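Here's the structure, in structure tokens; my notes come after.
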Amino acid sequence: MKRIIAAVGAAVMLFWAASVAAQDARIIKSFEDFGDYRVIYSVFNSDFIKPEIAQNYQLVRAGDRAFVNVSVVEKEGGTKGLTAEMSGTASNLMQQSRKLEFIEIRDGDAVYYLAPLRFDNEETLTFNVEVKLPDGRTETITFRRKLERS
């Protein structure tokens, strides 16, 4: 029963993060398809993470912090995150780049990846994330977000 509740909770979190991203009119989509896989991505302020989850994974919550959230699912009917490898960068409009360090989060059957980052208020960042898919291929997703302090 605990596993089911945890899986549902993780699925809701992933859906919520994607929904919030989709509500922003500047965003065309928040996923990319690669063969049999869909890579879902979003960026959200760290205050969204519940304090107890932040403590469990040693995640910092603050007004100038955000998380890049990436998950890989099977394209046809996939709701459970799959194991993958992530690396990437976030670059501002002056081409100053910072490395993204992804942390694997396992919540029941769900697997997703978070990369914490600091940002300046109303900073626009371009994210380049390399994703090694479960079949061994490496694909790159690129997206841009304007971040605002909470």
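Scheme for the structure tokens: letters A, B, ... for chains in order shown; per-chain residue numbers from 1; ligand numbers from 1 in order shown.
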
Neighbour list for segment 137-143 of chain A as a count of residues only, cut-off 9 Å, only C-alpha atoms, skip fewer than 3 positions in-chain: 19

Run DSSP on the backbone and give me the residues of segment 2-150 of chain A it puts in strand (DSSP E or B), as a PDB file with N, CA and C atoms, in the first residue's frame.
```pdb
ATOM      1  N   PHE A  31       8.318  18.539 -23.121  1.00  0.00           N
ATOM      2  CA  PHE A  31       8.811  17.183 -23.303  1.00  0.00           C
ATOM      3  C   PHE A  31       9.379  17.048 -24.708  1.00  0.00           C
ATOM      4  N   GLU A  32      10.218  16.040 -24.866  1.00  0.00           N
ATOM      5  CA  GLU A  32      10.767  15.676 -26.179  1.00  0.00           C
ATOM      6  C   GLU A  32      10.648  14.168 -26.309  1.00  0.00           C
ATOM      7  N   ASP A  33      10.297  13.716 -27.498  1.00  0.00           N
ATOM      8  CA  ASP A  33      10.220  12.288 -27.774  1.00  0.00           C
ATOM      9  C   ASP A  33      11.457  11.833 -28.534  1.00  0.00           C
ATOM     10  N   PHE A  34      12.001  10.703 -28.105  1.00  0.00           N
ATOM     11  CA  PHE A  34      13.152  10.080 -28.748  1.00  0.00           C
ATOM     12  C   PHE A  34      12.857   8.590 -28.875  1.00  0.00           C
ATOM     13  N   TYR A  37      10.956   6.604 -26.129  1.00  0.00           N
ATOM     14  CA  TYR A  37      11.026   7.297 -24.844  1.00  0.00           C
ATOM     15  C   TYR A  37      10.574   8.742 -24.961  1.00  0.00           C
ATOM     16  N   ARG A  38      10.028   9.234 -23.864  1.00  0.00           N
ATOM     17  CA  ARG A  38       9.658  10.640 -23.729  1.00  0.00           C
ATOM     18  C   ARG A  38      10.467  11.204 -22.570  1.00  0.00           C
ATOM     19  N   VAL A  39      11.142  12.326 -22.806  1.00  0.00           N
ATOM     20  CA  VAL A  39      11.885  13.026 -21.764  1.00  0.00           C
ATOM     21  C   VAL A  39      11.043  14.239 -21.363  1.00  0.00           C
ATOM     22  N   ILE A  40      10.604  14.248 -20.102  1.00  0.00           N
ATOM     23  CA  ILE A  40       9.757  15.317 -19.575  1.00  0.00           C
ATOM     24  C   ILE A  40      10.637  16.220 -18.713  1.00  0.00           C
ATOM     25  N   TYR A  41      10.490  17.541 -18.886  1.00  0.00           N
ATOM     26  CA  TYR A  41      11.335  18.459 -18.138  1.00  0.00           C
ATOM     27  C   TYR A  41      10.545  19.668 -17.661  1.00  0.00           C
ATOM     28  N   SER A  42      11.029  20.250 -16.573  1.00  0.00           N
ATOM     29  CA  SER A  42      10.450  21.470 -16.033  1.00  0.00           C
ATOM     30  C   SER A  42      11.485  22.128 -15.138  1.00  0.00           C
ATOM     31  N   VAL A  43      11.207  23.362 -14.791  1.00  0.00           N
ATOM     32  CA  VAL A  43      12.014  24.101 -13.821  1.00  0.00           C
ATOM     33  C   VAL A  43      11.028  24.728 -12.840  1.00  0.00           C
ATOM     34  N   PHE A  44      11.287  24.573 -11.548  1.00  0.00           N
ATOM     35  CA  PHE A  44      10.378  25.153 -10.564  1.00  0.00           C
ATOM     36  C   PHE A  44      11.158  25.667  -9.373  1.00  0.00           C
ATOM     37  N   ASN A  45      10.579  26.645  -8.676  1.00  0.00           N
ATOM     38  CA  ASN A  45      11.210  27.217  -7.487  1.00  0.00           C
ATOM     39  C   ASN A  45      11.318  26.162  -6.398  1.00  0.00           C
ATOM     40  N   ARG A  65      16.497  29.889  -5.332  1.00  0.00           N
ATOM     41  CA  ARG A  65      16.885  28.539  -5.746  1.00  0.00           C
ATOM     42  C   ARG A  65      15.749  27.914  -6.552  1.00  0.00           C
ATOM     43  N   ALA A  66      16.154  27.128  -7.524  1.00  0.00           N
ATOM     44  CA  ALA A  66      15.195  26.397  -8.348  1.00  0.00           C
ATOM     45  C   ALA A  66      15.735  24.994  -8.589  1.00  0.00           C
ATOM     46  N   PHE A  67      14.891  24.149  -9.160  1.00  0.00           N
ATOM     47  CA  PHE A  67      15.292  22.808  -9.545  1.00  0.00           C
ATOM     48  C   PHE A  67      14.915  22.571 -10.994  1.00  0.00           C
ATOM     49  N   VAL A  68      15.854  21.977 -11.719  1.00  0.00           N
ATOM     50  CA  VAL A  68      15.552  21.455 -13.041  1.00  0.00           C
ATOM     51  C   VAL A  68      15.104  20.021 -12.793  1.00  0.00           C
ATOM     52  N   ASN A  69      13.930  19.664 -13.286  1.00  0.00           N
ATOM     53  CA  ASN A  69      13.340  18.351 -13.067  1.00  0.00           C
ATOM     54  C   ASN A  69      13.258  17.634 -14.406  1.00  0.00           C
ATOM     55  N   VAL A  70      13.885  16.466 -14.509  1.00  0.00           N
ATOM     56  CA  VAL A  70      13.875  15.699 -15.756  1.00  0.00           C
ATOM     57  C   VAL A  70      13.514  14.254 -15.426  1.00  0.00           C
ATOM     58  N   SER A  71      12.625  13.694 -16.223  1.00  0.00           N
ATOM     59  CA  SER A  71      12.310  12.275 -16.083  1.00  0.00           C
ATOM     60  C   SER A  71      12.187  11.658 -17.469  1.00  0.00           C
ATOM     61  N   VAL A  72      12.411  10.363 -17.519  1.00  0.00           N
ATOM     62  CA  VAL A  72      12.297   9.596 -18.761  1.00  0.00           C
ATOM     63  C   VAL A  72      11.221   8.541 -18.545  1.00  0.00           C
ATOM     64  N   VAL A  73      10.269   8.484 -19.467  1.00  0.00           N
ATOM     65  CA  VAL A  73       9.211   7.476 -19.407  1.00  0.00           C
ATOM     66  C   VAL A  73       9.095   6.807 -20.772  1.00  0.00           C
ATOM     67  N   GLU A  74       8.437   5.662 -20.790  1.00  0.00           N
ATOM     68  CA  GLU A  74       8.139   5.034 -22.071  1.00  0.00           C
ATOM     69  C   GLU A  74       7.086   5.888 -22.757  1.00  0.00           C
ATOM     70  N   GLU A  85      20.743   8.614 -17.232  1.00  0.00           N
ATOM     71  CA  GLU A  85      21.858   9.436 -16.765  1.00  0.00           C
ATOM     72  C   GLU A  85      21.677  10.831 -17.334  1.00  0.00           C
ATOM     73  N   MET A  86      21.968  11.848 -16.517  1.00  0.00           N
ATOM     74  CA  MET A  86      21.784  13.243 -16.917  1.00  0.00           C
ATOM     75  C   MET A  86      23.047  14.047 -16.651  1.00  0.00           C
ATOM     76  N   SER A  87      23.298  15.002 -17.522  1.00  0.00           N
ATOM     77  CA  SER A  87      24.306  16.030 -17.271  1.00  0.00           C
ATOM     78  C   SER A  87      23.876  17.251 -18.066  1.00  0.00           C
ATOM     79  N   GLY A  88      24.340  18.416 -17.669  1.00  0.00           N
ATOM     80  CA  GLY A  88      23.913  19.587 -18.417  1.00  0.00           C
ATOM     81  C   GLY A  88      24.478  20.881 -17.896  1.00  0.00           C
ATOM     82  N   THR A  89      24.030  21.955 -18.546  1.00  0.00           N
ATOM     83  CA  THR A  89      24.447  23.305 -18.174  1.00  0.00           C
ATOM     84  C   THR A  89      23.254  24.241 -18.248  1.00  0.00           C
ATOM     85  N   ALA A  90      23.365  25.345 -17.522  1.00  0.00           N
ATOM     86  CA  ALA A  90      22.415  26.457 -17.600  1.00  0.00           C
ATOM     87  C   ALA A  90      23.235  27.693 -17.935  1.00  0.00           C
ATOM     88  N   SER A  91      22.841  28.414 -18.985  1.00  0.00           N
ATOM     89  CA  SER A  91      23.575  29.598 -19.435  1.00  0.00           C
ATOM     90  C   SER A  91      22.653  30.805 -19.430  1.00  0.00           C
ATOM     91  N   SER A  97      27.963  30.259 -18.141  1.00  0.00           N
ATOM     92  CA  SER A  97      27.417  28.912 -18.000  1.00  0.00           C
ATOM     93  C   SER A  97      27.738  28.326 -16.635  1.00  0.00           C
ATOM     94  N   ARG A  98      26.810  27.549 -16.120  1.00  0.00           N
ATOM     95  CA  ARG A  98      27.036  26.815 -14.880  1.00  0.00           C
ATOM     96  C   ARG A  98      26.609  25.370 -15.080  1.00  0.00           C
ATOM     97  N   LYS A  99      27.348  24.483 -14.460  1.00  0.00           N
ATOM     98  CA  LYS A  99      27.100  23.049 -14.596  1.00  0.00           C
ATOM     99  C   LYS A  99      25.897  22.639 -13.746  1.00  0.00           C
ATOM    100  N   LEU A 100      25.083  21.745 -14.281  1.00  0.00           N
ATOM    101  CA  LEU A 100      23.969  21.179 -13.541  1.00  0.00           C
ATOM    102  C   LEU A 100      24.382  19.827 -12.986  1.00  0.00           C
ATOM    103  N   ILE A 103      20.578  14.941  -9.256  1.00  0.00           N
ATOM    104  CA  ILE A 103      20.436  13.997  -8.151  1.00  0.00           C
ATOM    105  C   ILE A 103      19.291  13.056  -8.524  1.00  0.00           C
ATOM    106  N   GLU A 104      19.529  11.766  -8.411  1.00  0.00           N
ATOM    107  CA  GLU A 104      18.460  10.812  -8.683  1.00  0.00           C
ATOM    108  C   GLU A 104      17.542  10.724  -7.469  1.00  0.00           C
ATOM    109  N   ILE A 105      16.251  10.883  -7.717  1.00  0.00           N
ATOM    110  CA  ILE A 105      15.250  10.778  -6.667  1.00  0.00           C
ATOM    111  C   ILE A 105      14.402   9.542  -6.965  1.00  0.00           C
ATOM    112  N   ARG A 106      14.326   8.654  -5.997  1.00  0.00           N
ATOM    113  CA  ARG A 106      13.481   7.457  -6.120  1.00  0.00           C
ATOM    114  C   ARG A 106      12.391   7.577  -5.073  1.00  0.00           C
ATOM    115  N   ASP A 107      11.172   7.539  -5.558  1.00  0.00           N
ATOM    116  CA  ASP A 107      10.021   7.633  -4.671  1.00  0.00           C
ATOM    117  C   ASP A 107       9.097   6.487  -5.034  1.00  0.00           C
ATOM    118  N   ALA A 110       8.772   5.365  -8.802  1.00  0.00           N
ATOM    119  CA  ALA A 110       9.094   6.524  -9.642  1.00  0.00           C
ATOM    120  C   ALA A 110      10.569   6.890  -9.527  1.00  0.00           C
ATOM    121  N   VAL A 111      11.131   7.312 -10.662  1.00  0.00           N
ATOM    122  CA  VAL A 111      12.508   7.783 -10.708  1.00  0.00           C
ATOM    123  C   VAL A 111      12.508   9.097 -11.477  1.00  0.00           C
ATOM    124  N   TYR A 112      13.085  10.129 -10.889  1.00  0.00           N
ATOM    125  CA  TYR A 112      13.256  11.388 -11.602  1.00  0.00           C
ATOM    126  C   TYR A 112      14.537  12.037 -11.124  1.00  0.00           C
ATOM    127  N   TYR A 113      14.947  13.079 -11.814  1.00  0.00           N
ATOM    128  CA  TYR A 113      16.243  13.695 -11.567  1.00  0.00           C
ATOM    129  C   TYR A 113      16.069  15.186 -11.342  1.00  0.00           C
ATOM    130  N   LEU A 114      16.685  15.675 -10.269  1.00  0.00           N
ATOM    131  CA  LEU A 114      16.639  17.092  -9.936  1.00  0.00           C
ATOM    132  C   LEU A 114      18.046  17.669  -9.948  1.00  0.00           C
ATOM    133  N   ALA A 115      18.182  18.856 -10.530  1.00  0.00           N
ATOM    134  CA  ALA A 115      19.444  19.592 -10.478  1.00  0.00           C
ATOM    135  C   ALA A 115      19.162  20.947  -9.837  1.00  0.00           C
ATOM    136  N   PRO A 116      19.732  21.199  -8.665  1.00  0.00           N
ATOM    137  CA  PRO A 116      19.511  22.487  -8.007  1.00  0.00           C
ATOM    138  C   PRO A 116      20.345  23.583  -8.665  1.00  0.00           C
ATOM    139  N   LEU A 117      19.815  24.809  -8.636  1.00  0.00           N
ATOM    140  CA  LEU A 117      20.605  25.939  -9.120  1.00  0.00           C
ATOM    141  C   LEU A 117      20.134  27.221  -8.461  1.00  0.00           C
ATOM    142  N   ARG A 118      21.057  28.152  -8.349  1.00  0.00           N
ATOM    143  CA  ARG A 118      20.759  29.506  -7.881  1.00  0.00           C
ATOM    144  C   ARG A 118      20.493  30.371  -9.093  1.00  0.00           C
ATOM    145  N   GLU A 123      15.918  36.239 -14.154  1.00  0.00           N
ATOM    146  CA  GLU A 123      17.022  35.775 -14.991  1.00  0.00           C
ATOM    147  C   GLU A 123      16.495  34.766 -16.007  1.00  0.00           C
ATOM    148  N   THR A 124      16.889  34.953 -17.259  1.00  0.00           N
ATOM    149  CA  THR A 124      16.532  34.016 -18.311  1.00  0.00           C
ATOM    150  C   THR A 124      17.700  33.067 -18.527  1.00  0.00           C
ATOM    151  N   LEU A 125      17.417  31.772 -18.435  1.00  0.00           N
ATOM    152  CA  LEU A 125      18.457  30.762 -18.577  1.00  0.00           C
ATOM    153  C   LEU A 125      18.102  29.806 -19.705  1.00  0.00           C
ATOM    154  N   THR A 126      19.143  29.402 -20.437  1.00  0.00           N
ATOM    155  CA  THR A 126      18.995  28.360 -21.445  1.00  0.00           C
ATOM    156  C   THR A 126      19.600  27.091 -20.876  1.00  0.00           C
ATOM    157  N   PHE A 127      18.823  26.030 -20.890  1.00  0.00           N
ATOM    158  CA  PHE A 127      19.236  24.748 -20.324  1.00  0.00           C
ATOM    159  C   PHE A 127      19.572  23.791 -21.460  1.00  0.00           C
ATOM    160  N   ASN A 128      20.724  23.167 -21.370  1.00  0.00           N
ATOM    161  CA  ASN A 128      21.137  22.111 -22.287  1.00  0.00           C
ATOM    162  C   ASN A 128      21.390  20.877 -21.429  1.00  0.00           C
ATOM    163  N   VAL A 129      20.577  19.852 -21.648  1.00  0.00           N
ATOM    164  CA  VAL A 129      20.669  18.645 -20.826  1.00  0.00           C
ATOM    165  C   VAL A 129      20.893  17.446 -21.737  1.00  0.00           C
ATOM    166  N   GLU A 130      21.968  16.722 -21.465  1.00  0.00           N
ATOM    167  CA  GLU A 130      22.228  15.469 -22.167  1.00  0.00           C
ATOM    168  C   GLU A 130      21.623  14.336 -21.348  1.00  0.00           C
ATOM    169  N   VAL A 131      20.837  13.511 -22.021  1.00  0.00           N
ATOM    170  CA  VAL A 131      20.143  12.416 -21.363  1.00  0.00           C
ATOM    171  C   VAL A 131      20.579  11.110 -22.003  1.00  0.00           C
ATOM    172  N   LYS A 132      21.149  10.219 -21.196  1.00  0.00           N
ATOM    173  CA  LYS A 132      21.469   8.881 -21.680  1.00  0.00           C
ATOM    174  C   LYS A 132      20.254   8.010 -21.405  1.00  0.00           C
ATOM    175  N   THR A 138      22.354   8.657 -26.346  1.00  0.00           N
ATOM    176  CA  THR A 138      22.403   9.938 -25.656  1.00  0.00           C
ATOM    177  C   THR A 138      21.742  10.984 -26.541  1.00  0.00           C
ATOM    178  N   GLU A 139      20.790  11.713 -25.969  1.00  0.00           N
ATOM    179  CA  GLU A 139      20.063  12.768 -26.673  1.00  0.00           C
ATOM    180  C   GLU A 139      20.190  14.051 -25.866  1.00  0.00           C
ATOM    181  N   THR A 140      20.014  15.186 -26.536  1.00  0.00           N
ATOM    182  CA  THR A 140      20.109  16.485 -25.874  1.00  0.00           C
ATOM    183  C   THR A 140      18.793  17.223 -25.976  1.00  0.00           C
ATOM    184  N   ILE A 141      18.358  17.780 -24.842  1.00  0.00           N
ATOM    185  CA  ILE A 141      17.197  18.664 -24.850  1.00  0.00           C
ATOM    186  C   ILE A 141      17.685  20.064 -24.520  1.00  0.00           C
ATOM    187  N   THR A 142      17.092  21.044 -25.170  1.00  0.00           N
ATOM    188  CA  THR A 142      17.444  22.448 -24.944  1.00  0.00           C
ATOM    189  C   THR A 142      16.150  23.224 -24.744  1.00  0.00           C
ATOM    190  N   PHE A 143      16.104  24.024 -23.689  1.00  0.00           N
ATOM    191  CA  PHE A 143      14.924  24.842 -23.432  1.00  0.00           C
ATOM    192  C   PHE A 143      15.340  26.075 -22.651  1.00  0.00           C
ATOM    193  N   ARG A 144      14.483  27.082 -22.666  1.00  0.00           N
ATOM    194  CA  ARG A 144      14.776  28.367 -22.007  1.00  0.00           C
ATOM    195  C   ARG A 144      13.652  28.699 -21.041  1.00  0.00           C
ATOM    196  N   ARG A 145      14.032  29.250 -19.895  1.00  0.00           N
ATOM    197  CA  ARG A 145      13.051  29.684 -18.885  1.00  0.00           C
ATOM    198  C   ARG A 145      13.505  30.994 -18.267  1.00  0.00           C
ATOM    199  N   LYS A 146      12.516  31.822 -17.932  1.00  0.00           N
ATOM    200  CA  LYS A 146      12.760  33.029 -17.157  1.00  0.00           C
ATOM    201  C   LYS A 146      12.355  32.710 -15.728  1.00  0.00           C
ATOM    202  N   LEU A 147      13.300  32.830 -14.798  1.00  0.00           N
ATOM    203  CA  LEU A 147      13.052  32.473 -13.396  1.00  0.00           C
ATOM    204  C   LEU A 147      12.809  33.715 -12.565  1.00  0.00           C
TER     205      LEU A 147
END
```

Quote the spacing between atom CA of Lys80 of chain A and atom CA of Ile53 of chain A in Å to one decimal place. 19.3 Å

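Residues of segment 11-118 of chain A assigned to helix (DSSP H, G or I) by DSSP on this structure's backbone: Ala11, Val12, Met13, Leu14, Phe15, Trp16, Ala17, Ala18, Ser19, Val20, Ala21, Ala22, Gln23, Ser46, Asp47, Phe48, Pro51, Glu52, Ile53, Ala54, Gln55 and Asn56 of chain A.
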
Generate the output file for the selected residues, N, CA and C atoms, as a PDB file, in the first residue's frame.
```pdb
ATOM      1  N   ALA A  11       3.936  10.485  -9.283  1.00  0.00           N
ATOM      2  CA  ALA A  11       3.295  10.764 -10.571  1.00  0.00           C
ATOM      3  C   ALA A  11       2.588  12.111 -10.524  1.00  0.00           C
ATOM      4  N   VAL A  12       1.919  12.405  -9.407  1.00  0.00           N
ATOM      5  CA  VAL A  12       1.244  13.699  -9.251  1.00  0.00           C
ATOM      6  C   VAL A  12       2.263  14.828  -9.289  1.00  0.00           C
ATOM      7  N   MET A  13       3.408  14.641  -8.614  1.00  0.00           N
ATOM      8  CA  MET A  13       4.436  15.685  -8.615  1.00  0.00           C
ATOM      9  C   MET A  13       4.951  15.946 -10.025  1.00  0.00           C
ATOM     10  N   LEU A  14       5.249  14.877 -10.766  1.00  0.00           N
ATOM     11  CA  LEU A  14       5.730  15.042 -12.137  1.00  0.00           C
ATOM     12  C   LEU A  14       4.671  15.709 -13.000  1.00  0.00           C
ATOM     13  N   PHE A  15       3.411  15.280 -12.863  1.00  0.00           N
ATOM     14  CA  PHE A  15       2.329  15.878 -13.638  1.00  0.00           C
ATOM     15  C   PHE A  15       2.175  17.345 -13.273  1.00  0.00           C
ATOM     16  N   TRP A  16       2.234  17.664 -11.971  1.00  0.00           N
ATOM     17  CA  TRP A  16       2.082  19.043 -11.527  1.00  0.00           C
ATOM     18  C   TRP A  16       3.195  19.912 -12.105  1.00  0.00           C
ATOM     19  N   ALA A  17       4.428  19.442 -12.019  1.00  0.00           N
ATOM     20  CA  ALA A  17       5.554  20.230 -12.531  1.00  0.00           C
ATOM     21  C   ALA A  17       5.395  20.487 -14.023  1.00  0.00           C
ATOM     22  N   ALA A  18       4.980  19.470 -14.772  1.00  0.00           N
ATOM     23  CA  ALA A  18       4.766  19.646 -16.211  1.00  0.00           C
ATOM     24  C   ALA A  18       3.592  20.582 -16.471  1.00  0.00           C
ATOM     25  N   SER A  19       2.537  20.494 -15.657  1.00  0.00           N
ATOM     26  CA  SER A  19       1.370  21.351 -15.835  1.00  0.00           C
ATOM     27  C   SER A  19       1.706  22.808 -15.558  1.00  0.00           C
ATOM     28  N   VAL A  20       2.471  23.049 -14.495  1.00  0.00           N
ATOM     29  CA  VAL A  20       2.867  24.417 -14.174  1.00  0.00           C
ATOM     30  C   VAL A  20       3.683  24.991 -15.317  1.00  0.00           C
ATOM     31  N   ALA A  21       4.606  24.210 -15.836  1.00  0.00           N
ATOM     32  CA  ALA A  21       5.421  24.675 -16.956  1.00  0.00           C
ATOM     33  C   ALA A  21       4.553  24.965 -18.172  1.00  0.00           C
ATOM     34  N   ALA A  22       3.565  24.122 -18.430  1.00  0.00           N
ATOM     35  CA  ALA A  22       2.720  24.292 -19.609  1.00  0.00           C
ATOM     36  C   ALA A  22       1.824  25.522 -19.499  1.00  0.00           C
ATOM     37  N   GLN A  23       1.539  25.982 -18.285  1.00  0.00           N
ATOM     38  CA  GLN A  23       0.686  27.154 -18.111  1.00  0.00           C
ATOM     39  C   GLN A  23       1.393  28.438 -18.500  1.00  0.00           C
ATOM     40  N   SER A  46      12.381  26.240  -5.621  1.00  0.00           N
ATOM     41  CA  SER A  46      12.663  25.228  -4.605  1.00  0.00           C
ATOM     42  C   SER A  46      11.624  25.201  -3.491  1.00  0.00           C
ATOM     43  N   ASP A  47      10.881  26.281  -3.313  1.00  0.00           N
ATOM     44  CA  ASP A  47       9.860  26.316  -2.261  1.00  0.00           C
ATOM     45  C   ASP A  47       8.742  25.308  -2.515  1.00  0.00           C
ATOM     46  N   PHE A  48       8.635  24.809  -3.735  1.00  0.00           N
ATOM     47  CA  PHE A  48       7.624  23.804  -4.049  1.00  0.00           C
ATOM     48  C   PHE A  48       7.903  22.488  -3.323  1.00  0.00           C
ATOM     49  N   PRO A  51       9.263  20.607   2.984  1.00  0.00           N
ATOM     50  CA  PRO A  51      10.441  20.629   3.862  1.00  0.00           C
ATOM     51  C   PRO A  51      10.966  19.239   4.224  1.00  0.00           C
ATOM     52  N   GLU A  52      10.069  18.265   4.472  1.00  0.00           N
ATOM     53  CA  GLU A  52      10.533  16.933   4.869  1.00  0.00           C
ATOM     54  C   GLU A  52      11.232  16.213   3.724  1.00  0.00           C
ATOM     55  N   ILE A  53      10.772  16.424   2.490  1.00  0.00           N
ATOM     56  CA  ILE A  53      11.441  15.827   1.326  1.00  0.00           C
ATOM     57  C   ILE A  53      12.797  16.492   1.125  1.00  0.00           C
ATOM     58  N   ALA A  54      12.831  17.818   1.257  1.00  0.00           N
ATOM     59  CA  ALA A  54      14.095  18.548   1.125  1.00  0.00           C
ATOM     60  C   ALA A  54      15.111  18.044   2.145  1.00  0.00           C
ATOM     61  N   GLN A  55      14.658  17.808   3.356  1.00  0.00           N
ATOM     62  CA  GLN A  55      15.558  17.320   4.399  1.00  0.00           C
ATOM     63  C   GLN A  55      16.050  15.912   4.075  1.00  0.00           C
ATOM     64  N   ASN A  56      15.165  15.037   3.625  1.00  0.00           N
ATOM     65  CA  ASN A  56      15.556  13.661   3.294  1.00  0.00           C
ATOM     66  C   ASN A  56      16.631  13.604   2.228  1.00  0.00           C
TER      67      ASN A  56
END
```

Got a sec: who's within 12 Å of Lys50 of chain A, counting only C-alpha atoms, leaving out chain neighbours fewer than 6 positions off, as a PyMOL selection string? chain A and resi 13+56-62

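Remark: for Glu148 of chain A, the closest of the candidate residues A:Asn92, A:Gly63, A:Asp135, A:Asp36 is A:Gly63 (distances computed over only C-alpha atoms).
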
Between A:Ser150, A:Phe102, A:Gly108, A:Thr83, smallest distance to Asp64 of chain A by only C-alpha atoms belongs to A:Ser150
